$ cat input-v2.pdb   # PDB, C-alpha atoms, pLDDT in the B column
ATOM      1  CA  MET A   1       0.000   0.000   0.000  1.00 85.00           C
ATOM      2  CA  ARG A   2       1.257   3.488  -0.812  1.00 89.00           C
ATOM      3  CA  PRO A   3      -0.116   7.048  -0.809  1.00 92.00           C
ATOM      4  CA  HIS A   4      -2.158   8.220  -3.777  1.00 94.00           C
ATOM      5  CA  GLY A   5      -2.652  11.953  -4.172  1.00 92.00           C
ATOM      6  CA  VAL A   6      -2.681  14.555  -1.401  1.00 93.00           C
ATOM      7  CA  ARG A   7      -6.011  13.880   0.339  1.00 92.00           C
ATOM      8  CA  GLY A   8      -5.175  10.686   2.237  1.00 92.00           C
ATOM      9  CA  ALA A   9      -6.052   8.069  -0.367  1.00 93.00           C
ATOM     10  CA  VAL A  10      -3.877   4.974  -0.799  1.00 93.00           C
ATOM     11  CA  LYS A  11      -3.259   2.662  -3.728  1.00 92.00           C
ATOM     12  CA  ALA A  12      -3.228  -1.025  -2.873  1.00 89.00           C
ATOM     13  CA  ALA A  13      -2.438  -4.049  -5.007  1.00 85.00           C
ATOM     14  CA  TYR A  14      -5.314  -6.504  -5.261  1.00 80.00           C
ATOM     15  CA  TYR A  15      -4.852 -10.231  -5.895  1.00 73.00           C
ATOM     16  CA  GLY A  16      -8.423 -11.503  -5.978  1.00 72.00           C
ATOM     17  CA  ASP A  17     -11.036 -11.874  -8.691  1.00 73.00           C
ATOM     18  CA  ASP A  18     -13.606  -9.478  -7.250  1.00 76.00           C
ATOM     19  CA  PRO A  19     -12.327  -6.064  -6.116  1.00 80.00           C
ATOM     20  CA  GLU A  20     -15.910  -4.876  -5.676  1.00 80.00           C
ATOM     21  CA  GLY A  21     -16.344  -7.549  -2.992  1.00 76.00           C
ATOM     22  CA  LEU A  22     -13.553  -6.000  -0.954  1.00 79.00           C
ATOM     23  CA  LEU A  23     -15.038  -2.537  -1.381  1.00 84.00           C
ATOM     24  CA  ALA A  24     -18.490  -3.749  -0.295  1.00 84.00           C
ATOM     25  CA  ALA A  25     -17.224  -5.582   2.800  1.00 85.00           C
ATOM     26  CA  PRO A  26     -18.540  -4.167   6.079  1.00 85.00           C
ATOM     27  CA  ARG A  27     -15.010  -3.954   7.459  1.00 86.00           C
ATOM     28  CA  ILE A  28     -11.474  -4.221   6.164  1.00 87.00           C
ATOM     29  CA  TRP A  29      -8.633  -5.282   8.429  1.00 88.00           C
ATOM     30  CA  LEU A  30      -5.439  -3.254   8.239  1.00 86.00           C
ATOM     31  CA  ILE A  31      -2.349  -5.322   9.041  1.00 86.00           C
ATOM     32  CA  PRO A  32       0.375  -2.794   9.907  1.00 82.00           C
ATOM     33  CA  LYS A  33       3.850  -3.300   8.544  1.00 77.00           C
ATOM     34  CA  GLY A  34       5.819  -5.520  10.912  1.00 65.00           C
ATOM     35  CA  THR A  35       8.991  -4.548  12.672  1.00 52.00           C
ATOM     36  CA  GLY A  36      10.745  -7.897  12.319  1.00 48.00           C
ATOM     37  CA  PRO A  37      11.533 -10.318   9.506  1.00 50.00           C
ATOM     38  CA  ASP A  38       9.443 -13.093  11.035  1.00 53.00           C
ATOM     39  CA  ARG A  39       6.323 -10.904  11.416  1.00 51.00           C
ATOM     40  CA  ALA A  40       6.202 -12.030  15.065  1.00 53.00           C
ATOM     41  CA  LYS A  41       6.483  -8.374  15.981  1.00 56.00           C
ATOM     42  CA  THR A  42       3.683  -7.311  13.655  1.00 59.00           C
ATOM     43  CA  PRO A  43       1.001  -5.362  15.543  1.00 70.00           C
ATOM     44  CA  ASP A  44      -2.485  -6.818  15.725  1.00 79.00           C
ATOM     45  CA  PRO A  45      -4.777  -6.152  12.753  1.00 84.00           C
ATOM     46  CA  ILE A  46      -6.887  -3.008  13.026  1.00 84.00           C
ATOM     47  CA  PRO A  47     -10.542  -3.070  11.893  1.00 86.00           C
ATOM     48  CA  ILE A  48     -11.487  -0.276   9.510  1.00 86.00           C
ATOM     49  CA  GLU A  49     -15.223   0.167   9.080  1.00 79.00           C
ATOM     50  CA  GLY A  50     -15.299   3.574   7.365  1.00 82.00           C
ATOM     51  CA  HIS A  51     -13.788   3.004   3.962  1.00 86.00           C
ATOM     52  CA  GLY A  52     -14.504   3.736   0.333  1.00 89.00           C
ATOM     53  CA  GLY A  53     -12.753   3.461  -2.962  1.00 91.00           C
ATOM     54  CA  LYS A  54     -12.741   2.188  -6.504  1.00 92.00           C
ATOM     55  CA  ALA A  55     -11.045  -0.454  -8.593  1.00 90.00           C
ATOM     56  CA  VAL A  56      -8.375   0.796 -10.995  1.00 90.00           C
ATOM     57  CA  PRO A  57      -5.943  -1.054 -13.270  1.00 87.00           C
ATOM     58  CA  GLY A  58      -3.340  -2.677 -11.036  1.00 80.00           C
ATOM     59  CA  GLY A  59      -5.307  -2.465  -7.797  1.00 87.00           C
ATOM     60  CA  LEU A  60      -7.581  -0.281  -5.727  1.00 90.00           C
ATOM     61  CA  ILE A  61      -7.682   3.362  -4.697  1.00 93.00           C
ATOM     62  CA  LEU A  62      -8.976   3.436  -1.103  1.00 92.00           C
ATOM     63  CA  THR A  63      -9.968   6.074   1.410  1.00 92.00           C
ATOM     64  CA  PHE A  64     -10.285   5.510   5.145  1.00 91.00           C
ATOM     65  CA  GLU A  65     -12.089   7.511   7.798  1.00 90.00           C
ATOM     66  CA  GLY A  66      -9.564   9.602   9.721  1.00 89.00           C
ATOM     67  CA  VAL A  67      -6.894   9.489   6.990  1.00 91.00           C
ATOM     68  CA  ALA A  68      -7.147  12.886   5.287  1.00 93.00           C
ATOM     69  CA  THR A  69      -3.591  13.843   4.341  1.00 94.00           C
ATOM     70  CA  ARG A  70      -0.789  12.404   2.263  1.00 95.00           C
ATOM     71  CA  GLU A  71       1.341  12.177   5.423  1.00 94.00           C
ATOM     72  CA  ALA A  72      -1.320  10.081   7.175  1.00 92.00           C
ATOM     73  CA  ALA A  73      -1.522   7.819   4.105  1.00 92.00           C
ATOM     74  CA  GLN A  74       2.282   7.491   4.064  1.00 92.00           C
ATOM     75  CA  ALA A  75       2.155   6.171   7.623  1.00 90.00           C
ATOM     76  CA  LEU A  76       0.163   3.205   6.269  1.00 88.00           C
ATOM     77  CA  GLY A  77       2.844   2.387   3.670  1.00 86.00           C
ATOM     78  CA  GLY A  78       3.820  -1.270   3.590  1.00 84.00           C
ATOM     79  CA  SER A  79       0.691  -2.346   5.447  1.00 86.00           C
ATOM     80  CA  GLU A  80      -1.553  -5.084   4.103  1.00 85.00           C
ATOM     81  CA  LEU A  81      -5.335  -5.338   3.896  1.00 85.00           C
ATOM     82  CA  ALA A  82      -7.436  -8.391   4.643  1.00 84.00           C
ATOM     83  CA  LEU A  83     -11.036  -9.467   5.027  1.00 84.00           C
ATOM     84  CA  ALA A  84     -12.417 -11.701   7.748  1.00 84.00           C
ATOM     85  CA  ARG A  85     -13.356 -15.149   6.455  1.00 83.00           C
ATOM     86  CA  GLU A  86     -17.038 -14.548   7.284  1.00 85.00           C
ATOM     87  CA  ASP A  87     -17.014 -11.491   4.998  1.00 84.00           C
ATOM     88  CA  LEU A  88     -15.863 -13.515   1.974  1.00 82.00           C
ATOM     89  CA  PRO A  89     -18.319 -15.139  -0.428  1.00 80.00           C
ATOM     90  CA  GLU A  90     -18.398 -18.926  -0.506  1.00 83.00           C
ATOM     91  CA  PRO A  91     -16.095 -20.205  -3.242  1.00 84.00           C
ATOM     92  CA  ALA A  92     -17.689 -22.001  -6.183  1.00 84.00           C
ATOM     93  CA  PRO A  93     -17.279 -25.779  -6.483  1.00 84.00           C
ATOM     94  CA  ASP A  94     -13.713 -26.611  -7.571  1.00 84.00           C
ATOM     95  CA  GLU A  95     -12.535 -23.242  -6.206  1.00 86.00           C
ATOM     96  CA  TRP A  96     -10.942 -22.354  -2.879  1.00 87.00           C
ATOM     97  CA  TYR A  97      -9.181 -19.527  -1.164  1.00 87.00           C
ATOM     98  CA  GLN A  98      -5.394 -19.649  -1.004  1.00 87.00           C
ATOM     99  CA  ALA A  99      -5.547 -19.788   2.793  1.00 87.00           C
ATOM    100  CA  ASP A 100      -7.524 -23.053   2.460  1.00 91.00           C
ATOM    101  CA  LEU A 101      -4.439 -24.715   0.958  1.00 94.00           C
ATOM    102  CA  LEU A 102      -2.253 -24.086   4.010  1.00 94.00           C
ATOM    103  CA  GLY A 103      -1.939 -27.191   6.169  1.00 95.00           C
ATOM    104  CA  LEU A 104      -3.160 -29.632   3.520  1.00 96.00           C
ATOM    105  CA  MET A 105      -1.209 -32.890   3.219  1.00 96.00           C
ATOM    106  CA  ALA A 106       0.411 -33.208  -0.201  1.00 95.00           C
ATOM    107  CA  VAL A 107       0.546 -36.722  -1.620  1.00 95.00           C
ATOM    108  CA  SER A 108       1.786 -38.052  -4.935  1.00 93.00           C
ATOM    109  CA  GLU A 109      -0.582 -39.735  -7.391  1.00 93.00           C
ATOM    110  CA  SER A 110       0.722 -43.095  -6.156  1.00 92.00           C
ATOM    111  CA  GLY A 111      -0.215 -42.145  -2.575  1.00 92.00           C
ATOM    112  CA  ARG A 112       3.283 -41.316  -1.278  1.00 90.00           C
ATOM    113  CA  GLU A 113       3.072 -38.686   1.471  1.00 92.00           C
ATOM    114  CA  LEU A 114       5.148 -35.635   0.508  1.00 92.00           C
ATOM    115  CA  GLY A 115       4.433 -33.287   3.430  1.00 93.00           C
ATOM    116  CA  ARG A 116       2.234 -30.366   4.474  1.00 95.00           C
ATOM    117  CA  VAL A 117       1.653 -27.127   2.600  1.00 95.00           C
ATOM    118  CA  THR A 118       3.326 -24.505   4.783  1.00 94.00           C
ATOM    119  CA  GLY A 119       3.483 -21.507   2.480  1.00 92.00           C
ATOM    120  CA  LEU A 120       2.376 -19.908  -0.764  1.00 90.00           C
ATOM    121  CA  MET A 121       4.358 -17.759  -3.159  1.00 89.00           C
ATOM    122  CA  ASP A 122       2.480 -15.738  -5.735  1.00 82.00           C
ATOM    123  CA  GLN A 123       4.556 -15.745  -8.918  1.00 82.00           C
ATOM    124  CA  ALA A 124       3.724 -13.787 -12.056  1.00 76.00           C
ATOM    125  CA  GLU A 125       2.026 -16.685 -13.831  1.00 86.00           C
ATOM    126  CA  TYR A 126       1.031 -19.086 -11.058  1.00 87.00           C
ATOM    127  CA  LEU A 127       1.029 -19.818  -7.365  1.00 90.00           C
ATOM    128  CA  VAL A 128       3.856 -21.933  -5.893  1.00 92.00           C
ATOM    129  CA  LEU A 129       3.184 -24.220  -2.929  1.00 93.00           C
ATOM    130  CA  ALA A 130       5.895 -24.608  -0.286  1.00 93.00           C
ATOM    131  CA  ILE A 131       5.613 -28.105   1.155  1.00 94.00           C
ATOM    132  CA  GLU A 132       7.569 -29.092   4.248  1.00 93.00           C
ATOM    133  CA  SER A 133       8.432 -32.714   3.669  1.00 87.00           C
ATOM    134  CA  SER A 134       7.610 -35.296   6.279  1.00 67.00           C
ATOM    135  CA  PRO A 135      10.728 -36.555   8.101  1.00 63.00           C
ATOM    136  CA  GLY A 136      12.408 -39.189   5.974  1.00 55.00           C
ATOM    137  CA  VAL A 137      10.152 -38.559   2.990  1.00 54.00           C
ATOM    138  CA  GLY A 138      11.262 -36.462   0.100  1.00 49.00           C
ATOM    139  CA  PRO A 139      11.021 -36.460  -3.628  1.00 48.00           C
ATOM    140  CA  GLY A 140      12.191 -39.810  -4.931  1.00 49.00           C
ATOM    141  CA  ASP A 141      12.289 -41.417  -1.461  1.00 49.00           C
ATOM    142  CA  GLY A 142       9.997 -43.863   0.162  1.00 48.00           C
ATOM    143  CA  PRO A 143       9.268 -43.707   3.877  1.00 48.00           C
ATOM    144  CA  LYS A 144      12.336 -44.519   5.982  1.00 46.00           C
ATOM    145  CA  LYS A 145      12.078 -46.729   9.028  1.00 46.00           C
ATOM    146  CA  GLY A 146      13.813 -46.437  12.393  1.00 42.00           C
ATOM    147  CA  PRO A 147      14.839 -43.576  14.666  1.00 44.00           C
ATOM    148  CA  ASP A 148      16.840 -41.686  12.003  1.00 46.00           C
ATOM    149  CA  ARG A 149      14.104 -40.691   9.608  1.00 51.00           C
ATOM    150  CA  GLY A 150      16.179 -37.832   8.186  1.00 58.00           C
ATOM    151  CA  PRO A 151      15.688 -34.075   8.101  1.00 66.00           C
ATOM    152  CA  LYS A 152      12.660 -32.213   6.878  1.00 73.00           C
ATOM    153  CA  ARG A 153      13.098 -30.174   3.715  1.00 84.00           C
ATOM    154  CA  GLU A 154      11.077 -27.787   1.598  1.00 88.00           C
ATOM    155  CA  ILE A 155       9.610 -28.875  -1.723  1.00 89.00           C
ATOM    156  CA  LEU A 156       8.343 -26.188  -4.135  1.00 91.00           C
ATOM    157  CA  ILE A 157       5.483 -27.209  -6.415  1.00 92.00           C
ATOM    158  CA  PRO A 158       3.844 -24.969  -9.044  1.00 93.00           C
ATOM    159  CA  PHE A 159       0.114 -24.855  -8.383  1.00 94.00           C
ATOM    160  CA  THR A 160      -1.175 -25.541 -11.894  1.00 92.00           C
ATOM    161  CA  GLU A 161      -3.734 -27.961 -13.335  1.00 91.00           C
ATOM    162  CA  ASP A 162      -0.875 -30.118 -14.640  1.00 92.00           C
ATOM    163  CA  THR A 163       0.968 -30.425 -11.323  1.00 93.00           C
ATOM    164  CA  VAL A 164      -1.828 -30.438  -8.724  1.00 95.00           C
ATOM    165  CA  THR A 165      -4.464 -32.836  -9.998  1.00 95.00           C
ATOM    166  CA  GLU A 166      -6.838 -32.796  -7.013  1.00 95.00           C
ATOM    167  CA  VAL A 167      -7.639 -30.613  -4.016  1.00 95.00           C
ATOM    168  CA  ASP A 168      -9.844 -32.222  -1.375  1.00 95.00           C
ATOM    169  CA  LEU A 169     -10.482 -29.790   1.479  1.00 93.00           C
ATOM    170  CA  VAL A 170     -12.738 -32.224   3.320  1.00 92.00           C
ATOM    171  CA  ALA A 171     -10.018 -34.902   3.373  1.00 95.00           C
ATOM    172  CA  GLY A 172      -7.336 -32.276   4.026  1.00 96.00           C
ATOM    173  CA  ARG A 173      -5.112 -33.220   1.095  1.00 96.00           C
ATOM    174  CA  LEU A 174      -4.002 -32.358  -2.381  1.00 96.00           C
ATOM    175  CA  VAL A 175      -2.578 -34.670  -5.031  1.00 96.00           C
ATOM    176  CA  VAL A 176       0.613 -33.840  -6.905  1.00 94.00           C
ATOM    177  CA  ALA A 177       1.268 -35.297 -10.352  1.00 92.00           C
ATOM    178  CA  GLU A 178       4.350 -37.467 -10.757  1.00 88.00           C
ATOM    179  CA  LEU A 179       5.697 -35.547 -13.750  1.00 81.00           C
ATOM    180  CA  PRO A 180       9.323 -36.163 -14.825  1.00 79.00           C
ATOM    181  CA  GLY A 181      11.638 -33.913 -12.813  1.00 73.00           C
ATOM    182  CA  LEU A 182       8.929 -32.526 -10.521  1.00 74.00           C
ATOM    183  CA  LEU A 183       9.448 -34.826  -7.559  1.00 72.00           C
ATOM    184  CA  ASP A 184      13.036 -35.944  -8.270  1.00 65.00           C
TER     185      ASP A 184
END

$ encode --input "input-v2.pdb" --output "structure tokens"
Amino acid sequence: MRPHGVRGAVKAAYYGDDPEGLLAAPRIWLIPKGTGPDRAKTPDPIPIEGHGGKAVPGGLILTFEGVATREAAQALGGSELALAREDLPEPAPDEWYQADLLGLMAVSESGRELGRVTGLMDQAEYLVLAIESSPGVGPGDGPKKGPDRGPKREILIPFTEDTVTEVDLVAGRLVVAELPGLLD
């Protein structure tokens, strides 16, 4: 988020499909810029109920009650905006929110457990899933037995129709295709 103009408006990037839904929400949550790299020192989100704005190419122009100058808008720089889950519309069948993917167990098409989705990276063309491998299980490995199951590691998987063939929120898992080079 950054200042836009001299009257306290801000321009914010928007990553969803429906910017009007954000504008119509009863409240937006402002997540102030953190003070540490691990976001553990990030202040609690602040509810903002008096807001307005419009969608523009590349994002949204927003105004907030009590933010009337460029300097006040600059103080919000680097902050993020969010909606409460209850303020989001239900996703259509075969759709989900990115946050729904966190914590899912990733398994290969043959049923081999790969690990849990621990992070998401939004790339220019697609989302990338960060999967923390289960101890002793990694690409190309089967489960190891005994006390030394090996270290955990991170596996990065592009979230595309070709690489993630199934998402089952009820079962808490997603299925990763066994494409050449993907899980090696």

$ closest_residue --input "input-v2.pdb" --among "A:Pro91, A:Gly119, A:Pro180, A:Pro158" --to "Asp17 (chain A)" --atoms "all atoms listed in the file"
A:Pro91

$ atom_distance --input "input-v2.pdb" --atom1 "CA of Thr165 (chain A)" --atom2 "CA of Tyr15 (chain A)"
23.0 Å

$ atom_distance --input "input-v2.pdb" --atom1 "CA of Ile28 (chain A)" --atom2 "CA of Ile131 (chain A)"
29.8 Å

$ resolve_selection --input "input-v2.pdb" --expression "the PyMOL selection byres ((chain A and resi 29) around 6)" --output "ChimeraX atom specification"
/A:28,30,45-48,81-83

$ atom_distance --input "input-v2.pdb" --atom1 "CA of Glu49 (chain A)" --atom2 "CA of Gly66 (chain A)"
11.0 Å

$ resolve_selection --input "input-v2.pdb" --expression "the PyMOL selection byres ((chain A and resi 121) around 12)" --output "list of chain:residue names"
A:Gln98, A:Ala99, A:Leu101, A:Leu102, A:Val117, A:Thr118, A:Gly119, A:Leu120, A:Asp122, A:Gln123, A:Ala124, A:Glu125, A:Tyr126, A:Leu127, A:Val128, A:Leu129, A:Ala130, A:Ile131, A:Leu156, A:Ile157, A:Pro158, A:Phe159

$ resolve_selection --input "input-v2.pdb" --expression "the PyMOL selection byres ((chain A and resi 14) around 8)" --output "list of chain:residue names"
A:Ala12, A:Ala13, A:Tyr15, A:Gly16, A:Pro19, A:Gly58, A:Gly59, A:Leu60

$ closest_residue --input "input-v2.pdb" --among "A:Val6, A:Glu161, A:Lys152, A:Glu132" --to "Ala73 (chain A)" --atoms "all atoms listed in the file"
A:Val6

$ residues_around --input "input-v2.pdb" --residues "Gly53 (chain A)" --least-positions-apart "3" --cutoff "7 Å" --atoms "all atoms listed in the file" --output "NGL selection string"
:A and (23 or 60-63)

$ closest_residue --input "input-v2.pdb" --among "A:His51, A:Arg173, A:Arg153, A:His4" --to "Pro26 (chain A)" --atoms "only C-alpha atoms"
A:His51

$ residues_around --input "input-v2.pdb" --residues "Ser79 (chain A)" --least-positions-apart "5" --cutoff "7 Å" --atoms "only C-alpha atoms" --output "ChimeraX atom specification"
/A:1,30-33

$ closest_residue --input "input-v2.pdb" --among "A:Pro43, A:Pro93, A:Gly50, A:Gly172" --to "Val107 (chain A)" --atoms "all atoms listed in the file"
A:Gly172

$ residues_around --input "input-v2.pdb" --residues "Val175 (chain A)" --least-positions-apart "5" --cutoff "8 Å" --atoms "only C-alpha atoms" --output "compact mmCIF listing (two decimals) with C-alpha atoms, in the coordinates of the input"
# COMPACT_ATOMS: atom_id res chain seq x y z
CA ALA A 106 0.41 -33.21 -0.20
CA VAL A 107 0.55 -36.72 -1.62
CA SER A 108 1.79 -38.05 -4.93
CA GLU A 109 -0.58 -39.74 -7.39
CA VAL A 164 -1.83 -30.44 -8.72
CA THR A 165 -4.46 -32.84 -10.00
CA GLU A 166 -6.84 -32.80 -7.01
CA VAL A 167 -7.64 -30.61 -4.02

$ residues_near_point --input "input-v2.pdb" --point "(4.7, -35.7, 0.1)" --cutoff "9 Å" --atoms "only C-alpha atoms" --output "ChimeraX atom specification"
/A:105-108,111-116,131-134,137-139,155,175-176
